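Raw contents of target17.cif, mmCIF, C-alpha atoms:
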data_input
loop_
_atom_site.label_atom_id
_atom_site.label_comp_id
_atom_site.auth_asym_id
_atom_site.auth_seq_id
_atom_site.Cartn_x
_atom_site.Cartn_y
_atom_site.Cartn_z
CA MET A 284 83.38 97.46 69.01
CA ASN A 285 82.34 94.77 71.48
CA ASP A 286 82.96 95.02 75.23
CA THR A 287 86.06 92.80 75.16
CA GLU A 288 87.69 95.16 72.64
CA LYS A 289 86.61 98.33 74.40
CA ASN A 290 89.12 100.38 76.29
CA ILE A 291 88.77 100.61 80.04
CA GLY A 292 88.84 104.29 80.98
CA LEU A 293 89.64 105.42 84.50
CA ILE A 294 88.24 108.78 85.53
CA GLY A 295 88.07 110.59 88.83
CA PHE A 296 89.38 113.49 90.82
CA MET A 297 93.11 114.18 91.10
CA GLY A 298 94.77 112.07 93.75
CA VAL A 299 92.27 109.21 93.52
CA GLY A 300 94.86 106.78 92.13
CA LYS A 301 94.03 106.58 88.41
CA THR A 302 97.65 106.17 87.32
CA ILE A 303 98.78 103.53 89.80
CA VAL A 304 95.53 101.57 89.53
CA GLY A 305 95.62 101.91 85.73
CA ARG A 306 99.16 100.56 85.49
CA ARG A 307 98.35 97.59 87.67
CA LEU A 308 95.02 96.93 85.95
CA SER A 309 96.69 96.94 82.53
CA THR A 310 99.27 94.43 83.77
CA ALA A 311 96.60 92.20 85.31
CA LEU A 312 94.54 92.26 82.08
CA ASN A 313 97.56 92.19 79.74
CA ARG A 314 96.45 95.41 78.05
CA GLU A 315 98.33 98.50 76.93
CA PHE A 316 98.36 101.32 79.49
CA LEU A 317 97.88 104.92 78.35
CA ASP A 318 98.02 107.89 80.73
CA THR A 319 96.87 111.15 79.16
CA ASP A 320 98.86 113.34 81.55
CA ALA A 321 102.07 111.35 80.92
CA ILE A 322 101.49 111.50 77.15
CA ILE A 323 101.05 115.28 77.34
CA GLU A 324 104.30 115.67 79.26
CA MET A 325 106.16 113.33 76.91
CA THR A 326 104.93 114.97 73.70
CA THR A 327 105.40 118.56 74.85
CA GLY A 328 108.62 118.03 76.77
CA LYS A 329 107.09 120.06 79.61
CA THR A 330 105.50 119.20 82.91
CA ILE A 331 101.82 119.94 83.26
CA SER A 332 102.70 122.61 85.84
CA ASP A 333 105.03 124.25 83.31
CA ILE A 334 102.37 124.18 80.60
CA PHE A 335 99.90 125.87 82.95
CA ALA A 336 102.49 128.45 84.05
CA GLN A 337 103.92 129.23 80.61
CA ASP A 338 100.97 128.71 78.27
CA GLY A 339 97.86 128.76 80.46
CA GLU A 340 95.08 126.33 81.21
CA LYS A 341 93.31 126.94 77.88
CA HIS A 342 96.36 125.78 75.93
CA PHE A 343 96.74 122.76 78.21
CA ARG A 344 93.09 121.78 77.63
CA GLU A 345 93.59 122.00 73.85
CA ILE A 346 96.55 119.63 74.06
CA GLU A 347 94.60 117.38 76.41
CA SER A 348 91.67 117.15 73.97
CA ALA A 349 94.01 116.11 71.15
CA VAL A 350 95.50 113.41 73.37
CA VAL A 351 92.03 112.20 74.42
CA ARG A 352 91.07 111.89 70.74
CA ASP A 353 94.21 109.87 70.09
CA VAL A 354 93.95 107.47 73.04
CA CYS A 355 90.25 106.89 72.43
CA SER A 356 91.12 105.61 68.94
CA HIS A 357 92.93 102.64 70.53
CA SER A 358 91.22 99.40 71.49
CA CYS A 359 91.81 96.99 74.37
CA ALA A 360 93.76 99.58 76.38
CA VAL A 361 93.51 100.78 79.95
CA ILE A 362 93.43 104.58 79.89
CA SER A 363 93.96 106.93 82.79
CA PHE A 364 92.31 110.24 81.94
CA GLY A 365 93.44 113.46 83.61
CA GLY A 366 90.98 114.70 86.23
CA GLY A 367 89.83 117.58 84.03
CA ALA A 368 89.51 115.68 80.75
CA PRO A 369 85.83 114.71 81.25
CA LEU A 370 84.86 118.36 81.85
CA ASN A 371 85.03 119.00 78.10
CA GLU A 372 81.83 117.70 76.46
CA SER A 373 83.66 116.50 73.33
CA ASN A 374 86.12 114.58 75.49
CA SER A 375 83.28 113.08 77.52
CA ALA A 376 81.51 111.90 74.37
CA LEU A 377 84.69 110.23 73.07
CA ILE A 378 85.42 108.65 76.44
CA LYS A 379 81.89 107.28 76.74
CA GLU A 380 81.87 105.97 73.16
CA SER A 381 85.24 104.22 73.26
CA THR A 382 85.66 103.07 76.86
CA LEU A 383 83.96 101.22 79.61
CA VAL A 384 84.21 104.05 82.14
CA VAL A 385 85.36 103.24 85.67
CA LEU A 386 85.02 106.09 88.14
CA LEU A 387 87.51 105.82 90.97
CA ARG A 388 86.12 107.65 93.95
CA SER A 389 87.59 108.62 97.34
CA SER A 390 86.32 110.73 100.20
CA LEU A 391 87.13 114.42 100.19
CA ASP A 392 89.33 113.98 103.30
CA THR A 393 91.38 111.28 101.55
CA LEU A 394 91.77 113.40 98.43
CA VAL A 395 92.82 116.50 100.38
CA SER A 396 95.39 114.45 102.26
CA ARG A 397 96.86 112.93 99.08
CA ILE A 398 96.82 116.13 97.03
CA SER A 399 98.43 118.20 99.77
CA LYS A 400 101.51 115.95 99.50
CA ASN A 401 101.93 116.69 95.78
CA THR A 402 103.22 120.15 94.91
CA LYS A 403 102.92 119.52 91.15
CA ARG A 404 99.16 120.15 90.91
CA PRO A 405 98.81 123.54 89.20
CA LEU A 406 95.10 124.04 89.91
CA VAL A 407 95.35 123.47 93.65
CA SER A 408 98.88 124.19 94.80
CA GLY A 409 99.15 125.38 98.38
CA THR A 410 98.07 124.35 101.85
CA GLY A 411 95.79 125.43 104.66
CA ILE A 412 92.09 126.28 104.77
CA ASP A 413 92.16 128.06 101.42
CA PHE A 414 93.67 124.92 99.86
CA ARG A 415 90.90 122.72 101.29
CA GLU A 416 88.25 125.19 100.08
CA ARG A 417 89.67 125.08 96.52
CA ILE A 418 89.69 121.27 96.55
CA THR A 419 86.15 121.15 97.97
CA ALA A 420 84.82 123.54 95.32
CA MET A 421 86.52 121.68 92.46
CA TYR A 422 85.35 118.32 93.78
CA ALA A 423 81.76 119.56 94.09
CA ALA A 424 81.83 120.94 90.53
CA ARG A 425 83.24 117.74 89.04
CA LYS A 426 81.65 114.86 90.92
CA GLY A 427 78.33 115.01 89.05
CA ILE A 428 80.12 115.03 85.69
CA TYR A 429 82.17 112.02 86.70
CA ALA A 430 79.14 110.13 88.01
CA GLY A 431 77.14 110.84 84.85
CA LEU A 432 79.88 109.35 82.70
CA ALA A 433 80.60 106.26 84.81
CA ASP A 434 79.58 102.73 83.90
CA ILE A 435 81.12 101.40 87.13
CA VAL A 436 81.91 103.28 90.35
CA VAL A 437 84.65 101.96 92.63
CA ASP A 438 85.39 103.47 96.03
CA THR A 439 89.11 103.41 96.77
CA ASP A 440 89.07 104.42 100.44
CA GLY A 441 90.33 101.58 102.61
CA ARG A 442 91.65 99.65 99.60
CA THR A 443 95.19 99.28 98.36
CA ALA A 444 95.83 99.74 94.64
CA ASP A 445 95.93 95.95 94.22
CA GLN A 446 92.64 95.52 96.11
CA THR A 447 91.09 98.21 93.90
CA VAL A 448 92.31 96.40 90.78
CA ALA A 449 90.87 93.10 92.01
CA HIS A 450 87.55 94.82 92.73
CA ILE A 451 87.48 96.41 89.26
CA ILE A 452 88.19 93.07 87.59
CA ARG A 453 85.35 91.43 89.51
CA ARG A 454 83.00 94.24 88.46
CA LEU A 455 84.10 94.10 84.81
CA ARG A 456 83.46 90.37 84.43
CA LEU A 457 85.77 90.15 81.39
#

Exercise: express the given structure as structure tokens:
Amino acid sequence: MNDTEKNIGLIGFMGVGKTIVGRRLSTALNREFLDTDAIIEMTTGKTISDIFAQDGEKHFREIESAVVRDVCSHSCAVISFGGGAPLNESNSALIKESTLVVLLRSSLDTLVSRISKNTKRPLVSGTGIDFRERITAMYAARKGIYAGLADIVVDTDGRTADQTVAHIIRRLRL
């Protein structure tokens, strides 16, 4: 698969903007948009929070891995991967093999602010100091994995979604 046929995979921590940037990037590049979290919810008929609550994280990760395998079999798509998808080594290998990986990155303060406004995040629901500590610990555990997988790193702080898309397109040179 050459680079023009490769998928463009967006990875990064929850709240960084993978879905909105992915949708807009796919429109700008006239490519199919695939969002692993949305696919999981559509195929199971449950929200991710419900899957976590009813079936547990392990079951969610099994479903997620199946969806990652499926979306990575596409070509010329823009794919938004759930924040935890790259933590699984098999997922990471598929993502790296089939996509040009764009890491969207924001400061911890920005992420905490965005995530605290969304009550649908099962791994970090809540507020206060304990909430910030959970986010900080998860971010610290994941950022090296994300960075190791990335072909391109794009900081989103101080950029709108459209500015982020324009920056990604310049970096991709497609």

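From CA of Val384 (chain A) back to CA of Ala433 (chain A), the distance works out to 5.0 Å.
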
Within-12 Å shell of (91.0, 96.7, 90.7) in input frame, only C-alpha atoms, as a ChimeraX atom specification: /A:291,293,300-301,303-312,361,385-387,435-439,442-456

Contact residues around Ile322 (chain A) with only C-alpha atoms at 12 Å, ignoring same-chain residues under 4 positions, as a PyMOL selection string: chain A and resi 316-318+326-331+346-351+353-354+362-365

Non-local contacts of Lys379 (chain A) (9 Å; all atoms listed in the file; under 2 positions in same chain excluded) as a PDB file with C-alpha atoms, in the frame of the given file:
ATOM      1  CA  GLY A 292      88.840 104.290  80.980  1.00  0.00           C
ATOM      2  CA  ASN A 374      86.120 114.580  75.490  1.00  0.00           C
ATOM      3  CA  SER A 375      83.280 113.080  77.520  1.00  0.00           C
ATOM      4  CA  ALA A 376      81.510 111.900  74.370  1.00  0.00           C
ATOM      5  CA  LEU A 377      84.690 110.230  73.070  1.00  0.00           C
ATOM      6  CA  SER A 381      85.240 104.220  73.260  1.00  0.00           C
ATOM      7  CA  THR A 382      85.660 103.070  76.860  1.00  0.00           C
ATOM      8  CA  LEU A 383      83.960 101.220  79.610  1.00  0.00           C
ATOM      9  CA  VAL A 384      84.210 104.050  82.140  1.00  0.00           C
ATOM     10  CA  LEU A 432      79.880 109.350  82.700  1.00  0.00           C
ATOM     11  CA  ALA A 433      80.600 106.260  84.810  1.00  0.00           C
ATOM     12  CA  ASP A 434      79.580 102.730  83.900  1.00  0.00           C
TER      13      ASP A 434
END

Please write out, as AutoDock Vina command-line options, where the centre of an axis-aligned box around all listed atoms of region 430-434 of chain A lies and how long its edges are, in Å to one decimal, after adding 4 Å on each side.
--center_x 78.9 --center_y 106.8 --center_z 85.4 --size_x 11.5 --size_y 16.1 --size_z 13.3
